[in-house]
file run_15.txt (compact mmCIF, C-alpha atoms)
# COMPACT_ATOMS: atom_id res chain seq x y z
CA MET W 16 -1.69 16.61 13.37
CA ASN W 17 -5.36 16.12 14.09
CA SER W 18 -6.14 14.18 10.95
CA LYS W 19 -3.54 11.59 11.87
CA MET W 20 -5.36 10.93 15.10
CA THR W 21 -8.59 10.64 13.15
CA THR W 22 -6.98 8.11 10.83
CA ARG W 23 -5.82 6.02 13.73
CA ASN W 24 -9.28 6.07 15.24
CA THR W 25 -11.03 4.95 12.10
CA LYS W 26 -12.12 1.36 11.89
CA VAL W 27 -10.40 -0.86 9.37
CA MET W 28 -13.17 -1.91 7.00
CA ASN W 29 -13.39 -4.16 3.97
CA ARG W 30 -13.45 -2.91 0.39
CA PHE W 31 -16.08 -5.34 -0.87
CA ASP W 32 -18.34 -4.71 2.10
CA VAL W 33 -18.05 -0.93 1.79
CA THR W 34 -18.57 -1.07 -1.98
CA SER W 35 -21.66 -3.24 -1.53
CA ARG W 36 -23.05 -0.76 1.00
CA LEU W 37 -22.55 2.06 -1.49
CA ILE W 38 -24.21 0.18 -4.35
CA ALA W 39 -27.20 -0.66 -2.13
CA LYS W 40 -27.78 3.07 -1.64
CA LEU W 41 -27.90 3.94 -5.34
CA LYS W 42 -31.48 4.40 -6.50
CA HIS W 43 -31.19 7.00 -9.23
CA GLU W 44 -28.91 5.41 -11.84
CA GLU W 45 -25.87 7.10 -10.37
CA ALA W 46 -22.67 6.54 -12.34
CA VAL W 47 -19.82 4.69 -10.63
CA ILE W 48 -16.24 4.68 -11.91
CA GLY W 49 -14.12 1.87 -10.53
CA GLY W 50 -10.36 2.46 -10.42
CA ILE W 51 -7.76 -0.01 -11.61
CA GLY W 52 -7.38 -3.40 -9.91
CA ASN W 53 -9.13 -4.49 -6.74
CA THR W 54 -11.23 -1.33 -6.63
CA ASN W 55 -13.14 -2.22 -9.79
CA PHE W 56 -12.97 -5.95 -9.05
CA ASP W 57 -15.03 -5.35 -5.94
CA LEU W 58 -17.34 -2.99 -7.83
CA TRP W 59 -17.90 -5.81 -10.32
CA ALA W 60 -18.38 -8.33 -7.52
CA ALA W 61 -20.93 -6.09 -5.80
CA GLY W 62 -23.17 -6.69 -8.81
CA HIS W 63 -22.89 -5.25 -12.30
CA ARG W 64 -24.95 -2.17 -13.02
CA PRO W 65 -25.33 -0.51 -16.43
CA GLN W 66 -23.95 2.71 -14.90
CA ASN W 67 -20.68 1.12 -13.77
CA PHE W 68 -17.40 1.79 -15.58
CA TYR W 69 -14.43 -0.47 -14.93
CA MET W 70 -10.86 0.70 -15.53
CA LEU W 71 -8.40 -1.87 -16.87
CA GLY W 72 -5.39 0.44 -16.85
CA SER W 73 -4.53 4.15 -16.67
CA MET W 74 -3.83 3.97 -12.95
CA GLY W 75 -4.86 7.11 -11.11
CA LEU W 76 -7.50 8.32 -13.55
CA ALA W 77 -10.70 7.25 -11.78
CA PHE W 78 -11.31 10.76 -10.45
CA PRO W 79 -10.54 12.53 -13.75
CA ILE W 80 -12.77 10.12 -15.69
CA ALA W 81 -15.54 10.64 -13.14
CA LEU W 82 -15.05 14.40 -13.39
CA GLY W 83 -15.56 14.16 -17.14
CA VAL W 84 -18.79 12.21 -16.66
CA ALA W 85 -19.91 14.72 -14.03
CA LEU W 86 -19.26 17.65 -16.37
CA ALA W 87 -21.10 15.91 -19.20
CA GLN W 88 -24.14 15.00 -17.09
CA PRO W 89 -24.53 17.60 -14.33
CA GLY W 90 -27.95 16.19 -13.40
CA ARG W 91 -26.55 12.79 -12.46
CA ARG W 92 -24.56 11.91 -9.33
CA VAL W 93 -21.19 10.43 -10.19
CA PHE W 94 -19.16 8.29 -7.79
CA ALA W 95 -15.51 7.42 -8.24
CA LEU W 96 -13.82 4.60 -6.32
CA GLU W 97 -10.05 4.85 -6.14
CA GLY W 98 -7.25 3.16 -4.24
CA ASP W 99 -4.75 5.14 -2.20
CA GLY W 100 -1.84 4.02 -4.38
CA SER W 101 -3.69 5.07 -7.50
CA LEU W 102 -4.62 8.45 -6.06
CA LEU W 103 -0.97 9.09 -5.18
CA MET W 104 -0.24 8.94 -8.91
CA GLN W 105 -2.59 11.80 -9.69
CA LEU W 106 -2.85 14.08 -6.65
CA GLY W 107 -3.06 17.11 -8.92
CA ALA W 108 -6.52 15.96 -9.97
CA LEU W 109 -7.80 16.88 -6.52
CA ALA W 110 -6.94 20.54 -7.10
CA THR W 111 -8.53 20.47 -10.57
CA ILE W 112 -11.75 19.11 -9.06
CA ALA W 113 -11.61 21.64 -6.22
CA ALA W 114 -11.26 24.45 -8.76
CA LEU W 115 -14.19 23.26 -10.87
CA LYS W 116 -16.43 22.39 -7.89
CA PRO W 117 -18.70 19.88 -9.66
CA LYS W 118 -21.69 19.56 -7.36
CA ASN W 119 -22.45 16.01 -8.47
CA LEU W 120 -19.06 14.31 -7.94
CA ILE W 121 -18.35 12.06 -4.96
CA MET W 122 -14.88 10.57 -4.53
CA ILE W 123 -14.24 7.52 -2.40
CA VAL W 124 -10.70 6.48 -1.51
CA MET W 125 -10.01 2.91 -0.37
CA ASP W 126 -6.89 3.28 1.74
CA ASN W 127 -4.99 0.17 2.82
CA GLY W 128 -1.53 1.72 2.57
CA ILE W 129 -0.36 -1.00 0.22
CA TYR W 130 -0.21 -2.02 -3.39
CA GLN W 131 -2.20 -5.13 -2.56
CA ILE W 132 -2.41 -6.49 -6.07
CA THR W 133 1.33 -6.38 -6.78
CA GLY W 134 2.40 -8.11 -3.59
CA ALA W 135 1.24 -5.87 -0.76
CA GLN W 136 4.22 -3.53 -0.83
CA PRO W 137 3.64 -0.38 1.29
CA THR W 138 2.95 2.84 -0.61
CA PRO W 139 5.33 5.75 -0.03
CA ALA W 140 2.49 7.45 1.87
CA ALA W 141 1.79 4.58 4.23
CA GLY W 142 1.97 5.75 7.83
CA VAL W 143 3.25 9.14 6.73
CA ALA W 144 0.71 11.03 4.64
CA ASP W 145 -2.98 11.56 5.29
CA ILE W 146 -5.26 11.34 2.25
CA VAL W 147 -7.99 13.51 3.80
CA ALA W 148 -5.49 16.17 4.83
CA ILE W 149 -4.11 16.14 1.29
CA ALA W 150 -7.62 16.50 -0.13
CA VAL W 151 -8.46 19.38 2.23
CA GLY W 152 -5.15 21.00 1.38
CA SER W 153 -6.01 20.63 -2.30
CA GLY W 154 -9.15 22.69 -1.76
CA LEU W 155 -11.70 19.91 -1.23
CA ALA W 156 -13.18 21.15 2.03
CA ASN W 157 -15.80 18.40 2.19
CA SER W 158 -13.36 15.56 2.81
CA ALA W 159 -13.61 13.15 5.70
CA TRP W 160 -12.50 9.79 7.03
CA ALA W 161 -15.32 7.31 7.55
CA ALA W 162 -15.10 6.19 11.17
CA ASP W 163 -16.94 2.92 10.53
CA GLU W 164 -19.48 1.39 8.14
CA GLU W 165 -22.42 3.36 9.53
CA ASP W 166 -20.45 6.57 9.31
CA PHE W 167 -19.55 5.71 5.70
CA GLU W 168 -23.23 5.32 4.84
CA ARG W 169 -24.02 8.59 6.58
CA LEU W 170 -21.30 10.40 4.64
CA VAL W 171 -22.55 8.92 1.35
CA GLU W 172 -26.08 10.09 2.09
CA ALA W 173 -24.87 13.57 2.97
CA ALA W 174 -22.84 13.73 -0.24
CA MET W 175 -25.82 12.65 -2.36
CA SER W 176 -27.66 15.88 -1.68
CA ALA W 177 -24.61 18.12 -1.55
CA THR W 178 -23.91 21.11 -3.74
CA GLU W 179 -20.12 20.67 -3.71
CA PRO W 180 -17.82 17.74 -4.43
CA HIS W 181 -17.23 15.37 -1.54
CA LEU W 182 -14.38 13.00 -0.73
CA ILE W 183 -14.79 10.06 1.62
CA ALA W 184 -11.74 8.11 2.71
CA VAL W 185 -12.10 4.59 4.05
CA ARG W 186 -9.43 2.62 5.82
CA ILE W 187 -9.61 -0.91 4.47
CA ASP W 188 -7.90 -4.23 5.18
CA ASP W 189 -5.36 -6.00 3.00
CA LYS W 190 -7.81 -8.41 1.36
CA PRO W 191 -7.81 -8.81 -2.43
CA GLY W 192 -10.90 -8.11 -4.51
CA VAL W 193 -13.70 -10.65 -4.34
CA GLY W 194 -14.32 -10.98 -8.08
CA THR W 195 -12.57 -10.33 -11.35
CA THR W 196 -13.95 -7.88 -13.88
CA ARG W 197 -14.49 -9.29 -17.36
CA ARG W 198 -11.76 -7.56 -19.34
CA ASP W 199 -13.65 -6.43 -22.41
CA PRO W 200 -12.97 -2.70 -22.71
CA VAL W 201 -15.20 -1.96 -25.69
CA GLN W 202 -18.16 -3.74 -24.15
CA ILE W 203 -17.53 -2.02 -20.80
CA ARG W 204 -17.54 1.37 -22.49
CA GLU W 205 -20.50 0.62 -24.73
CA ARG W 206 -22.66 -0.68 -21.88
CA PHE W 207 -21.67 2.26 -19.70
CA MET W 208 -22.73 4.73 -22.41
CA HIS W 209 -25.99 2.85 -22.74
CA GLY W 210 -26.45 2.97 -18.98
CA LEU W 211 -25.95 6.74 -19.08
CA GLY W 212 -28.53 7.12 -21.81
CA VAL W 213 -25.99 8.31 -24.33
CA ARG W 214 -26.58 5.60 -26.93
CA GLU W 215 -28.48 2.43 -27.64
CA LEU W 216 -26.86 -0.98 -27.81
CA LEU W 217 -26.68 -2.66 -31.20
CA MET Z 29 7.20 34.33 -29.74
CA ALA Z 30 4.98 37.31 -30.46
CA ILE Z 31 7.23 38.36 -33.32
CA ALA Z 32 7.36 34.87 -34.74
CA GLU Z 33 3.61 34.61 -34.61
CA GLN Z 34 3.16 37.84 -36.49
CA GLN Z 35 5.18 36.41 -39.35
CA THR Z 36 2.56 33.78 -40.06
CA SER Z 37 -0.63 35.44 -38.88
CA PRO Z 38 -0.58 39.22 -38.62
CA GLN Z 39 -4.11 39.32 -37.21
CA ALA Z 40 -3.27 36.92 -34.40
CA ALA Z 41 -4.83 37.40 -30.98
CA GLN Z 42 -7.56 39.61 -32.37
CA GLY Z 43 -10.37 37.13 -31.81
CA SER Z 44 -11.80 33.86 -32.94
CA SER Z 45 -12.85 34.52 -36.53
CA ASP Z 46 -9.97 36.51 -37.92
CA GLY Z 47 -8.33 33.81 -40.01
CA SER Z 48 -5.55 33.21 -37.50
CA TRP Z 49 -4.57 29.63 -36.78
CA HIS Z 50 -6.06 29.77 -33.30
CA GLY Z 51 -9.25 31.40 -34.55
CA ILE Z 52 -9.67 28.56 -37.05
CA VAL Z 53 -9.04 25.95 -34.34
CA LEU Z 54 -11.61 27.56 -32.06
CA GLN Z 55 -14.26 27.79 -34.77
CA THR Z 56 -13.59 24.21 -35.86
CA LEU Z 57 -14.00 22.98 -32.30
CA LYS Z 58 -17.25 24.87 -31.98
CA ARG Z 59 -18.64 23.67 -35.31
CA ASN Z 60 -17.97 20.09 -34.19
CA GLU Z 61 -19.68 20.67 -30.83
CA ILE Z 62 -16.50 20.20 -28.85
CA SER Z 63 -17.17 22.27 -25.76
CA LEU Z 64 -14.89 20.77 -23.09
CA VAL Z 65 -11.24 21.73 -23.50
CA PRO Z 66 -8.84 20.94 -20.65
CA TYR Z 67 -5.22 21.80 -21.26
CA VAL Z 68 -1.72 21.99 -19.90
CA PRO Z 69 -0.56 25.34 -21.21
CA ASP Z 70 2.08 26.16 -23.76
CA ARG Z 71 3.40 29.57 -24.81
CA VAL Z 72 2.30 29.12 -28.41
CA LEU Z 73 -1.20 28.04 -27.38
CA THR Z 74 -1.70 31.19 -25.29
CA PRO Z 75 -3.99 33.10 -27.72
CA LEU Z 76 -6.11 29.98 -28.28
CA ILE Z 77 -6.44 29.34 -24.54
CA LYS Z 78 -7.27 32.99 -23.91
CA ASN Z 79 -10.01 33.02 -26.53
CA LEU Z 80 -11.46 29.71 -25.32
CA HIS Z 81 -11.75 31.18 -21.85
CA ALA Z 82 -13.45 34.27 -23.29
CA ASP Z 83 -16.08 32.24 -25.14
CA PRO Z 84 -18.93 30.97 -22.94
CA PHE Z 85 -19.52 28.06 -25.33
CA PHE Z 86 -16.42 26.39 -23.93
CA THR Z 87 -15.62 24.88 -20.56
CA THR Z 88 -11.86 25.22 -20.53
CA PHE Z 89 -9.43 24.83 -17.66
CA ALA Z 90 -5.90 23.80 -16.80
CA THR Z 91 -5.11 20.34 -15.45
CA ALA Z 92 -2.04 19.33 -13.50
CA ARG Z 93 -1.02 16.68 -16.02
CA GLU Z 94 -1.92 15.84 -19.59
CA GLU Z 95 -3.13 12.32 -18.77
CA GLU Z 96 -5.55 13.85 -16.29
CA ALA Z 97 -7.02 15.89 -19.15
CA VAL Z 98 -7.25 12.72 -21.25
CA GLY Z 99 -9.17 11.02 -18.44
CA ILE Z 100 -11.54 13.97 -18.19
CA VAL Z 101 -12.42 14.13 -21.89
CA SER Z 102 -12.73 10.33 -22.00
CA GLY Z 103 -15.28 10.41 -19.19
CA ALA Z 104 -17.07 13.31 -20.83
CA TRP Z 105 -17.28 11.44 -24.14
CA MET Z 106 -18.90 8.49 -22.41
CA GLY Z 107 -21.32 10.92 -20.78
CA GLY Z 108 -22.25 12.39 -24.14
CA ARG Z 109 -20.13 15.52 -24.23
CA ARG Z 110 -17.28 16.08 -26.68
CA GLY Z 111 -13.88 17.35 -25.62
CA ALA Z 112 -10.36 17.97 -26.85
CA VAL Z 113 -7.03 18.26 -25.04
CA LEU Z 114 -4.42 20.95 -25.68
CA MET Z 115 -0.78 20.29 -24.79
CA GLN Z 116 2.83 20.71 -25.75
CA THR Z 117 5.14 18.07 -27.21
CA SER Z 118 6.66 17.31 -23.82
CA GLY Z 119 3.18 16.76 -22.45
CA PHE Z 120 2.36 14.28 -25.15
CA ALA Z 121 5.44 12.34 -24.07
CA THR Z 122 3.69 11.56 -20.77
CA LEU Z 123 0.69 9.92 -22.46
CA ALA Z 124 1.83 6.50 -23.73
CA ASN Z 125 0.22 4.65 -20.82
CA VAL Z 126 -3.18 6.32 -20.99
CA LEU Z 127 -3.32 6.04 -24.76
CA ALA Z 128 -2.53 2.33 -24.67
CA SER Z 129 -4.72 1.47 -21.68
CA LEU Z 130 -7.70 3.81 -22.02
CA ALA Z 131 -8.18 5.71 -25.27
CA VAL Z 132 -7.25 2.96 -27.72
CA PRO Z 133 -8.66 -0.22 -26.11
CA TYR Z 134 -11.92 1.46 -25.04
CA GLN Z 135 -12.23 3.05 -28.51
CA ILE Z 136 -12.55 6.63 -27.36
CA PRO Z 137 -12.29 9.43 -29.95
CA LEU Z 138 -9.65 11.36 -28.07
CA ILE Z 139 -8.86 14.59 -29.90
CA MET Z 140 -5.44 16.03 -29.13
CA PHE Z 141 -3.91 19.30 -30.26
CA VAL Z 142 -0.16 19.28 -29.71
CA SER Z 143 1.86 22.45 -30.00
CA GLU Z 144 5.10 21.19 -31.47
CA ARG Z 145 8.30 22.20 -29.77
CA GLY Z 146 11.72 20.70 -30.37
CA THR Z 147 12.10 21.50 -34.04
CA LEU Z 148 12.61 24.43 -36.44
CA GLY Z 149 14.57 26.63 -34.11
CA GLU Z 150 14.39 24.85 -30.79
CA PHE Z 151 16.86 26.23 -28.26
CA ASN Z 152 16.41 23.64 -25.49
CA TYR Z 153 18.15 20.32 -26.20
CA GLY Z 154 15.73 18.39 -23.97
CA GLN Z 155 12.78 19.70 -25.97
CA SER Z 156 14.35 18.61 -29.24
CA LEU Z 157 14.92 15.12 -27.85
CA VAL Z 158 11.44 14.69 -26.39
CA CYS Z 159 9.96 15.81 -29.71
CA ARG Z 160 11.61 12.83 -31.40
CA THR Z 161 9.65 10.43 -29.18
CA MET Z 162 6.25 11.75 -30.27
CA ARG Z 163 5.71 10.28 -33.73
CA PRO Z 164 7.24 6.89 -32.89
CA VAL Z 165 4.79 6.59 -29.96
CA LEU Z 166 1.86 7.58 -32.21
CA ASP Z 167 3.02 5.17 -34.91
CA SER Z 168 3.58 2.33 -32.44
CA LEU Z 169 -0.16 2.42 -31.64
CA ALA Z 170 -1.07 3.08 -35.28
CA LEU Z 171 -2.76 6.32 -34.22
CA GLU Z 172 -3.93 8.83 -36.77
CA HIS Z 173 -1.81 11.98 -36.67
CA HIS Z 174 -1.23 14.98 -38.87
CA THR Z 175 1.41 17.64 -38.71
CA ILE Z 176 -0.17 20.91 -39.76
CA THR Z 177 2.22 23.41 -41.33
CA ARG Z 178 -0.05 25.58 -43.48
CA LEU Z 179 -2.82 27.95 -42.52
CA ASP Z 180 -4.80 27.15 -45.66
CA GLU Z 181 -4.84 23.43 -44.77
CA LEU Z 182 -5.63 23.80 -41.08
CA GLU Z 183 -9.41 23.91 -41.21
CA PHE Z 184 -9.68 21.00 -43.64
CA ILE Z 185 -7.32 18.78 -41.64
CA ALA Z 186 -8.76 19.67 -38.25
CA ASP Z 187 -12.41 19.43 -39.27
CA ARG Z 188 -12.02 16.18 -41.18
CA SER Z 189 -9.83 14.62 -38.47
CA ILE Z 190 -12.31 15.44 -35.71
CA LYS Z 191 -15.14 13.92 -37.73
CA GLN Z 192 -13.05 10.84 -38.49
CA ALA Z 193 -12.11 10.41 -34.82
CA VAL Z 194 -15.76 10.54 -33.78
CA THR Z 195 -17.10 8.27 -36.49
CA THR Z 196 -14.31 5.68 -36.23
CA GLN Z 197 -14.08 5.98 -32.42
CA ALA Z 198 -10.32 6.37 -32.59
CA PRO Z 199 -7.92 8.97 -31.18
CA VAL Z 200 -6.25 11.60 -33.34
CA ALA Z 201 -3.29 13.89 -32.74
CA LEU Z 202 -3.14 17.20 -34.58
CA ILE Z 203 0.39 18.51 -34.35
CA LEU Z 204 0.64 22.28 -34.69
CA ASN Z 205 4.00 22.85 -36.35
CA PRO Z 206 6.01 26.09 -35.95
CA LEU Z 207 5.44 26.76 -39.65
CA LEU Z 208 1.77 27.24 -38.72
CA THR Z 209 2.03 28.91 -35.34
CA GLY Z 210 5.38 30.65 -35.47
CA GLY Z 211 6.57 28.39 -32.67
CA LYS Z 212 8.62 29.52 -29.74
CA THR Z 213 11.93 31.13 -30.51
CA PHE Z 214 14.97 32.04 -28.48
CA ASP Z 215 14.15 35.61 -27.54
CA LYS Z 216 16.34 36.27 -24.54

call {"tool": "encode", "arguments": {"input": "run_15.txt", "output": "structure tokens"}}
result
Amino acid sequence: MNSKMTTRNTKVMNRFDVTSRLIAKLKHEEAVIGGIGNTNFDLWAAGHRPQNFYMLGSMGLAFPIALGVALAQPGRRVFALEGDGSLLMQLGALATIAALKPKNLIMIVMDNGIYQITGAQPTPAAGVADIVAIAVGSGLANSAWAADEEDFERLVEAAMSATEPHLIAVRIDDKPGVGTTRRDPVQIRERFMHGLGVRELL
Amino acid sequence: MAIAEQQTSPQAAQGSSDGSWHGIVLQTLKRNEISLVPYVPDRVLTPLIKNLHADPFFTTFATAREEEAVGIVSGAWMGGRRGAVLMQTSGFATLANVLASLAVPYQIPLIMFVSERGTLGEFNYGQSLVCRTMRPVLDSLALEHHTITRLDELEFIADRSIKQAVTTQAPVALILNPLLTGGKTFDK
């Protein structure tokens, strides 16, 4: 299969580095949803923004949560960062997003083939399934592997002015997250809503 | 199911303001500005789903799993748009994790309508068993829930519960009992 070749040819990048590159590109108060575990730890470590939402559970729901934000605020770009293991829990969400075609949703998958945070056990998909092929098969035509960091930035830029949802998959190493998100769910939610202009802080 | 439904609401499936249970649910959603309604379908919910699709006020669509729908309305709430999730009893049984790790700790007013199967004439043993897990899960998280059995109480319970969920930032489950909807009966 072609996509497998593409996977093999992609550079193994680093989650924190890639996340930092994404954050540096955000100039218009774009929302960012960070999936459970290392994914949101590195989002936190890249520098807190009022438009960041950090998940402390509900593995696999980064894309659905981001879809909800995207449907609520169609004028704002919404990014979702998700791990490959998390995405495997909720593959059906890809078809839901493909059916709804939100023009402002950009999905980023950090694929290291392992459950790093629980002891680096391989996922059932590791070396077998191709996330981008799954996404394309789910109806998300604008799905691609980032070949390297520059290609990742190019794909992000292309997605920012797109009129259809985009998915960018990044092969990453086995490093843990750089920081640890402060686990205060109410404050996370309240600050996020403030960052989206939905309500004022007390 | 069609026969059973006629027993409780002869005007069923005629529209959204005919006094049927699903017409009252639709109007109550609209009055409370709940416009995003993802669902995993259920036979009993069919007229409600059909009428939601027919009404341009609503964005309504099927999701692959109930927790996906919970994620969607949670994100929408944070973005300033209200939603509600429609599901069947067996679907609710898949939600313990997302309730305990998203809706409750983040204080999200998750509004759930659950079509109750597994009681009052259930013909599938698995459905009757899964039904028995629903209220213990709700009670274990001290979640507000009401079982609606009467048409004349539906609007009051639904409207007040939605308002309470929003103002207290807490989830609520509205369980649509077969006494209200007619339920699903063995009609082979």

call {"tool": "closest_atom_pairs", "arguments": {"input": "run_15.txt", "of": "stretch 125-154 of chain Z", "to": "stretch 101-107 of chain Z", "cutoff": "9 Å", "atoms": "all atoms listed in the file", "output": "Markdown table"}}
result
| residue | atom | partner | partner_atom | distance |
| --- | --- | --- | --- | --- |
| Z:Leu130 | CA | Z:Ser102 | CA | 8.2 |
| Z:Ala131 | CA | Z:Ser102 | CA | 7.3 |
| Z:Ile136 | CA | Z:Ser102 | CA | 6.5 |
| Z:Pro137 | CA | Z:Trp105 | CA | 7.9 |
| Z:Leu138 | CA | Z:Ser102 | CA | 6.9 |
| Z:Ile139 | CA | Z:Val101 | CA | 8.8 |

call {"tool": "closest_residue", "arguments": {"input": "run_15.txt", "among": "Z:Thr122, Z:Thr213, Z:Ser168, Z:Thr177", "to": "chain W", "atoms": "all atoms listed in the file"}}
result
Z:Thr122

call {"tool": "residues_around", "arguments": {"input": "run_15.txt", "residues": "Z:Ala92", "least_positions_apart": "5", "cutoff": "8 Å", "atoms": "all atoms listed in the file", "output": "compact mmCIF listing (two decimals) with C-alpha atoms, in the coordinates of the input"}}
result
# COMPACT_ATOMS: atom_id res chain seq x y z
CA GLY W 107 -3.06 17.11 -8.92
CA ALA W 108 -6.52 15.96 -9.97
CA THR W 111 -8.53 20.47 -10.57
CA VAL Z 68 -1.72 21.99 -19.90

call {"tool": "closest_residue", "arguments": {"input": "run_15.txt", "among": "W:Met122, W:Ala114, W:Leu217, W:Val201", "to": "chain Z", "atoms": "only C-alpha atoms"}}
result
W:Val201

call {"tool": "interface_residues", "arguments": {"input": "run_15.txt", "of": "chain Z", "to": "chain W", "cutoff": "12 Å", "atoms": "only C-alpha atoms", "output": "VMD selection string"}}
result
chain Z and resid 62 to 68 86 to 112 122 to 136 197 to 198

call {"tool": "atom_distance", "arguments": {"input": "run_15.txt", "atom1": "atom CA of W:Val143", "atom2": "atom CA of W:Arg186"}}
result
14.3 Å

call {"tool": "atom_distance", "arguments": {"input": "run_15.txt", "atom1": "atom CA of Z:Ser143", "atom2": "atom CA of Z:Val194"}}
result
21.6 Å

call {"tool": "closest_residue", "arguments": {"input": "run_15.txt", "among": "W:Gln66, W:Lys190, W:Ser153, W:Asp32", "to": "W:Lys116", "atoms": "all atoms listed in the file"}}
result
W:Ser153

call {"tool": "axis_aligned_box", "arguments": {"input": "run_15.txt", "around": "stretch 114-126 of chain W", "padding_each_side": "8 Å", "output": "JSON"}}
result
{"center_x": -14.7, "center_y": 13.7, "center_z": -4.6, "size_x": 31.6, "size_y": 37.5, "size_z": 28.6}

call {"tool": "residues_around", "arguments": {"input": "run_15.txt", "residues": "W:Arg169", "least_positions_apart": "3", "cutoff": "12 Å", "atoms": "all atoms listed in the file", "output": "count of residues only"}}
result
17

call {"tool": "closest_residue", "arguments": {"input": "run_15.txt", "among": "W:Ser101, W:Asn24, W:Ser158, W:Asn67", "to": "W:Pro139", "atoms": "only C-alpha atoms"}}
result
W:Ser101

call {"tool": "residues_near_point", "arguments": {"input": "run_15.txt", "point": "(-19.2, 10.7, -9.1)", "cutoff": "6 Å", "atoms": "only C-alpha atoms", "output": "compact mmCIF listing (two decimals) with C-alpha atoms, in the frame of the given file"}}
result
# COMPACT_ATOMS: atom_id res chain seq x y z
CA ALA W 81 -15.54 10.64 -13.14
CA ARG W 92 -24.56 11.91 -9.33
CA VAL W 93 -21.19 10.43 -10.19
CA PHE W 94 -19.16 8.29 -7.79
CA ALA W 95 -15.51 7.42 -8.24
CA LEU W 120 -19.06 14.31 -7.94
CA ILE W 121 -18.35 12.06 -4.96

call {"tool": "residues_around", "arguments": {"input": "run_15.txt", "residues": "stretch 154-161 of chain Z", "least_positions_apart": "2", "cutoff": "7 Å", "atoms": "only C-alpha atoms", "output": "number ranges by chain"}}
result
Z: 117-118, 121, 145-147, 150, 152, 163-165

call {"tool": "write_last_selection", "arguments": {"input": "run_15.txt", "atoms": "C-alpha atoms", "output": "mmCIF file, in the coordinates of the input"}}
result
data_model
loop_
_atom_site.group_PDB
_atom_site.id
_atom_site.type_symbol
_atom_site.label_atom_id
_atom_site.label_comp_id
_atom_site.auth_asym_id
_atom_site.auth_seq_id
_atom_site.Cartn_x
_atom_site.Cartn_y
_atom_site.Cartn_z
ATOM 1 C CA THR Z 117 5.140 18.070 -27.210
ATOM 2 C CA SER Z 118 6.660 17.310 -23.820
ATOM 3 C CA ALA Z 121 5.440 12.340 -24.070
ATOM 4 C CA ARG Z 145 8.300 22.200 -29.770
ATOM 5 C CA GLY Z 146 11.720 20.700 -30.370
ATOM 6 C CA THR Z 147 12.100 21.500 -34.040
ATOM 7 C CA GLU Z 150 14.390 24.850 -30.790
ATOM 8 C CA ASN Z 152 16.410 23.640 -25.490
ATOM 9 C CA ARG Z 163 5.710 10.280 -33.730
ATOM 10 C CA PRO Z 164 7.240 6.890 -32.890
ATOM 11 C CA VAL Z 165 4.790 6.590 -29.960
#

call {"tool": "atom_distance", "arguments": {"input": "run_15.txt", "atom1": "atom CA of W:Val193", "atom2": "atom CA of W:Val124"}}
result
17.6 Å

call {"tool": "residues_around", "arguments": {"input": "run_15.txt", "residues": "W:Val185", "least_positions_apart": "2", "cutoff": "10 Å", "atoms": "only C-alpha atoms", "output": "list of chain:residue names"}}
result
W:Thr22, W:Thr25, W:Lys26, W:Val27, W:Met28, W:Asn29, W:Arg30, W:Val33, W:Gly98, W:Asp99, W:Ile123, W:Val124, W:Met125, W:Asp126, W:Asn127, W:Ile146, W:Val147, W:Ala159, W:Trp160, W:Ala161, W:Ala162, W:Asp163, W:Glu164, W:Phe167, W:Leu182, W:Ile183, W:Ile187, W:Asp188

call {"tool": "residues_around", "arguments": {"input": "run_15.txt", "residues": "Z:Ala186", "least_positions_apart": "3", "cutoff": "8 Å", "atoms": "all atoms listed in the file", "output": "list in words"}}
result
Val53, Thr56, Leu182, Glu183, Ser189, Ile190 and Leu202 of chain Z

call {"tool": "closest_residue", "arguments": {"input": "run_15.txt", "among": "Z:Leu148, Z:Leu171, Z:Ala82, Z:Val142", "to": "Z:Val113", "atoms": "all atoms listed in the file"}}
result
Z:Val142

call {"tool": "decode", "arguments": {"input": "run_15.txt", "residues": "stretch 187-194 of chain W", "atoms": "N, CA and C atoms", "output": "mmCIF file, in the first residue's frame"}}
result
data_model
loop_
_atom_site.group_PDB
_atom_site.id
_atom_site.type_symbol
_atom_site.label_atom_id
_atom_site.label_comp_id
_atom_site.auth_asym_id
_atom_site.auth_seq_id
_atom_site.Cartn_x
_atom_site.Cartn_y
_atom_site.Cartn_z
ATOM 1 N N ILE W 187 6.063 10.570 15.571
ATOM 2 C CA ILE W 187 6.850 11.155 16.663
ATOM 3 C C ILE W 187 7.643 10.065 17.387
ATOM 4 N N ASP W 188 8.615 10.529 18.173
ATOM 5 C CA ASP W 188 9.458 9.598 18.930
ATOM 6 C C ASP W 188 8.735 9.124 20.195
ATOM 7 N N ASP W 189 9.476 8.399 21.021
ATOM 8 C CA ASP W 189 8.859 7.794 22.203
ATOM 9 C C ASP W 189 9.072 8.613 23.479
ATOM 10 N N LYS W 190 9.375 9.906 23.306
ATOM 11 C CA LYS W 190 9.660 10.744 24.479
ATOM 12 C C LYS W 190 8.366 11.112 25.221
ATOM 13 N N PRO W 191 8.439 11.210 26.535
ATOM 14 C CA PRO W 191 7.264 11.678 27.284
ATOM 15 C C PRO W 191 7.049 13.170 27.070
ATOM 16 N N GLY W 192 5.928 13.675 27.559
ATOM 17 C CA GLY W 192 5.661 15.105 27.483
ATOM 18 C C GLY W 192 6.671 15.876 28.303
ATOM 19 N N VAL W 193 6.854 17.150 27.907
ATOM 20 C CA VAL W 193 7.877 17.973 28.561
ATOM 21 C C VAL W 193 7.357 18.563 29.875
ATOM 22 N N GLY W 194 6.099 18.895 29.936
ATOM 23 C CA GLY W 194 5.536 19.489 31.147
ATOM 24 C C GLY W 194 4.415 18.640 31.715
#
